[in-house]
$ cat model.cif   # mmCIF, C-alpha atoms
data_run
#
loop_
_atom_site.group_PDB
_atom_site.id
_atom_site.type_symbol
_atom_site.label_atom_id
_atom_site.label_comp_id
_atom_site.auth_asym_id
_atom_site.auth_seq_id
_atom_site.Cartn_x
_atom_site.Cartn_y
_atom_site.Cartn_z
ATOM 1 C CA MET A 70 144.046 75.693 76.814
ATOM 2 C CA GLU A 71 142.147 73.381 74.498
ATOM 3 C CA PHE A 72 141.593 72.946 70.776
ATOM 4 C CA HIS A 73 138.050 72.914 69.447
ATOM 5 C CA TRP A 74 136.624 72.285 66.023
ATOM 6 C CA THR A 75 133.466 73.697 64.518
ATOM 7 C CA PRO A 76 131.727 72.524 61.352
ATOM 8 C CA LYS A 77 130.888 75.259 58.849
ATOM 9 C CA SER A 78 128.645 72.954 56.811
ATOM 10 C CA VAL A 79 127.346 69.389 56.785
ATOM 11 C CA ASP A 80 130.069 68.159 54.422
ATOM 12 C CA TYR A 81 132.889 68.691 56.946
ATOM 13 C CA LEU A 82 134.020 65.056 56.651
ATOM 14 C CA THR A 83 134.733 65.429 52.940
ATOM 15 C CA ASN A 84 135.423 69.161 52.650
ATOM 16 C CA VAL A 85 138.322 70.357 54.789
ATOM 17 C CA ALA A 86 137.325 73.983 54.188
ATOM 18 C CA ALA A 87 134.128 73.224 56.125
ATOM 19 C CA ILE A 88 136.034 72.913 59.421
ATOM 20 C CA ASP A 89 137.296 75.608 61.770
ATOM 21 C CA VAL A 90 140.012 74.782 64.307
ATOM 22 C CA SER A 91 140.673 77.127 67.208
ATOM 23 C CA LEU A 92 142.267 77.329 70.638
ATOM 24 C CA HIS A 93 140.138 78.216 73.651
ATOM 25 C CA THR A 94 141.075 79.162 77.185
ATOM 26 C CA ASN A 95 139.487 80.708 80.254
ATOM 27 C CA CYS A 96 142.735 82.450 81.196
ATOM 28 C CA ASP A 97 142.959 86.080 80.044
ATOM 29 C CA GLU A 98 146.756 85.970 79.817
ATOM 30 C CA LEU A 99 146.737 82.857 77.627
ATOM 31 C CA SER A 100 143.958 84.341 75.528
ATOM 32 C CA LYS A 101 146.146 87.390 74.872
ATOM 33 C CA ASN A 102 149.015 85.112 73.836
ATOM 34 C CA ILE A 103 146.728 83.256 71.426
ATOM 35 C CA ASP A 104 145.880 86.609 69.831
ATOM 36 C CA VAL A 105 149.409 88.083 69.879
ATOM 37 C CA PHE A 106 151.012 85.004 68.337
ATOM 38 C CA LYS A 107 148.037 84.455 65.993
ATOM 39 C CA LEU A 108 147.859 80.825 67.070
ATOM 40 C CA ASN A 109 144.350 80.269 65.741
ATOM 41 C CA GLU A 110 145.496 81.386 62.310
ATOM 42 C CA LEU A 111 148.555 79.130 62.515
ATOM 43 C CA TYR A 112 146.534 76.078 63.485
ATOM 44 C CA GLU A 113 144.095 76.609 60.606
ATOM 45 C CA VAL A 114 146.817 74.942 58.506
ATOM 46 C CA HIS A 115 146.091 71.732 60.425
ATOM 47 C CA LYS A 116 142.392 71.496 59.596
ATOM 48 C CA ASP A 117 143.189 68.382 57.568
ATOM 49 C CA THR A 118 144.566 66.719 60.695
ATOM 50 C CA ALA A 119 141.390 67.591 62.599
ATOM 51 C CA GLN A 120 139.311 66.202 59.735
ATOM 52 C CA GLU A 121 141.311 62.950 59.790
ATOM 53 C CA VAL A 122 140.649 62.591 63.519
ATOM 54 C CA LEU A 123 136.924 63.049 62.914
ATOM 55 C CA LYS A 124 136.921 60.462 60.118
ATOM 56 C CA LYS A 125 138.900 57.953 62.179
ATOM 57 C CA LYS A 126 136.667 58.511 65.203
ATOM 58 C CA HIS A 127 133.684 57.760 62.974
ATOM 59 C CA MET A 128 135.312 54.670 61.434
ATOM 60 C CA TYR A 129 136.879 53.211 64.584
ATOM 61 C CA ASN A 130 134.195 53.179 67.254
ATOM 62 C CA ASP A 131 134.800 51.474 70.602
ATOM 63 C CA SER A 132 133.627 48.075 69.371
ATOM 64 C CA LYS A 133 136.000 48.225 66.371
ATOM 65 C CA VAL A 134 138.907 49.195 68.647
ATOM 66 C CA LYS A 135 138.056 46.293 70.956
ATOM 67 C CA GLU A 136 137.875 43.955 67.961
ATOM 68 C CA LEU A 137 141.341 45.030 66.765
ATOM 69 C CA TYR A 138 142.742 44.595 70.275
ATOM 70 C CA GLU A 139 141.283 41.089 70.529
ATOM 71 C CA ASP A 140 142.362 40.129 66.990
ATOM 72 C CA TYR A 141 145.982 41.178 67.636
ATOM 73 C CA PRO A 142 146.715 40.389 71.298
ATOM 74 C CA ASP A 143 150.457 40.118 70.665
ATOM 75 C CA LEU A 144 150.662 43.647 69.219
ATOM 76 C CA PHE A 145 148.898 45.689 71.893
ATOM 77 C CA LYS A 146 149.004 45.862 75.688
ATOM 78 C CA ASN A 147 145.592 47.539 75.858
ATOM 79 C CA GLU A 148 142.917 49.294 73.804
ATOM 80 C CA LEU A 149 144.580 52.669 74.342
ATOM 81 C CA GLU A 150 147.594 51.447 72.350
ATOM 82 C CA VAL A 151 145.231 50.554 69.500
ATOM 83 C CA LYS A 152 143.767 54.073 69.590
ATOM 84 C CA ASN A 153 147.235 55.648 69.697
ATOM 85 C CA LEU A 154 148.166 53.698 66.563
ATOM 86 C CA ILE A 155 144.942 54.568 64.747
ATOM 87 C CA PHE A 156 145.192 58.280 65.513
ATOM 88 C CA GLY A 157 148.965 58.521 65.132
ATOM 89 C CA ALA A 158 149.310 60.368 68.428
ATOM 90 C CA TYR A 159 149.332 59.745 72.138
ATOM 91 C CA LEU A 160 145.870 60.308 73.566
ATOM 92 C CA GLU A 161 146.922 60.234 77.212
ATOM 93 C CA ASP A 162 147.815 63.574 78.821
ATOM 94 C CA GLU A 163 151.221 62.538 80.149
ATOM 95 C CA ASN A 164 152.549 61.691 76.663
ATOM 96 C CA LEU A 165 151.266 64.643 74.619
ATOM 97 C CA GLY A 166 154.750 66.088 74.129
ATOM 98 C CA LYS A 167 156.125 62.958 72.481
ATOM 99 C CA ARG A 168 154.591 63.432 69.013
ATOM 100 C CA SER A 169 153.818 66.403 66.832
ATOM 101 C CA LEU A 170 150.250 67.689 67.007
ATOM 102 C CA SER A 171 149.339 65.249 69.799
ATOM 103 C CA LYS A 172 147.632 68.024 71.779
ATOM 104 C CA LEU A 173 145.500 68.972 68.770
ATOM 105 C CA ILE A 174 144.629 65.338 68.022
ATOM 106 C CA HIS A 175 143.955 64.592 71.701
ATOM 107 C CA ASP A 176 141.621 67.564 72.117
ATOM 108 C CA ILE A 177 139.674 66.923 68.904
ATOM 109 C CA TYR A 178 139.361 63.230 69.825
ATOM 110 C CA LYS A 179 138.232 64.038 73.368
ATOM 111 C CA ASN A 180 135.809 66.685 72.131
ATOM 112 C CA GLU A 181 134.275 64.265 69.642
ATOM 113 C CA THR A 182 134.100 61.470 72.228
ATOM 114 C CA ASN A 183 132.156 63.773 74.546
ATOM 115 C CA ARG A 184 129.699 64.655 71.753
ATOM 116 C CA THR A 185 128.676 61.052 71.139
#
$ encode --input "model.cif" --output "structure tokens"
Amino acid sequence: MEFHWTPKSVDYLTNVAAIDVSLHTNCDELSKNIDVFKLNELYEVHKDTAQEVLKKKHMYNDSKVKELYEDYPDLFKNELEVKNLIFGAYLEDENLGKRSLSKLIHDIYKNETNRT
């Protein structure tokens, strides 16, 4: 199961209504659960979180993350810690359950990383 975002118009970075957030899966059983529990409708409330991820991904490219890591060597063990701080969630799979909405943030981040 994975979250995806879709822009409705070109102003999606400034207009939260211009973003759709939805869950996708290839498993029929999970797909039924998404429908029964109306999960896509529930996660529409978090479009602002998805928009924030997109803005931060735009603002903090890999070179900026590296720069922050190098500027503050005493604060971070690695560049992933910098990203976790920026995005306010754990981006590694094994820690997704530690913070609210980490799965949503992780999937939107990963999706956007794969687009660029």
$ atom_distance --input "model.cif" --atom1 "CA of Val134 in chain A" --atom2 "CA of Asp89 in chain A"
27.3 Å
$ atom_distance --input "model.cif" --atom1 "CA of Thr75 in chain A" --atom2 "CA of Lys135 in chain A"
28.5 Å
$ residues_near_point --input "model.cif" --point "(136.2, 71.9, 61.8)" --cutoff "9 Å" --atoms "only C-alpha atoms" --output "VMD selection string"
chain A and resid 73 to 77 81 to 82 85 to 91 116 to 117 119 to 120 123
$ atom_distance --input "model.cif" --atom1 "CA of Lys126 in chain A" --atom2 "CA of Glu148 in chain A"
14.1 Å
$ closest_residue --input "model.cif" --among "A:Thr118, A:Ser100, A:Thr182, A:Asn109" --to "Ser169 in chain A" --atoms "only C-alpha atoms"
A:Thr118
$ resolve_selection --input "model.cif" --expression "the PyMOL selection byres ((chain A and resi 172) around 10)" --output "ChimeraX atom specification"
/A:70-72,158-162,164-171,173-178
$ residues_around --input "model.cif" --residues "Lys125 in chain A" --least-positions-apart "3" --cutoff "10 Å" --atoms "only C-alpha atoms" --output "compact mmCIF listing (two decimals) with C-alpha atoms, keeping the file's coordinate frame"
# COMPACT_ATOMS: atom_id res chain seq x y z
CA ALA A 119 141.39 67.59 62.60
CA GLN A 120 139.31 66.20 59.74
CA GLU A 121 141.31 62.95 59.79
CA VAL A 122 140.65 62.59 63.52
CA MET A 128 135.31 54.67 61.43
CA TYR A 129 136.88 53.21 64.58
CA ASN A 130 134.20 53.18 67.25
CA LYS A 152 143.77 54.07 69.59
CA ILE A 155 144.94 54.57 64.75
CA PHE A 156 145.19 58.28 65.51
CA TYR A 178 139.36 63.23 69.82
$ closest_residue --input "model.cif" --among "A:Lys133, A:His115, A:Lys124, A:Lys107" --to "Val151 in chain A" --atoms "only C-alpha atoms"
A:Lys133
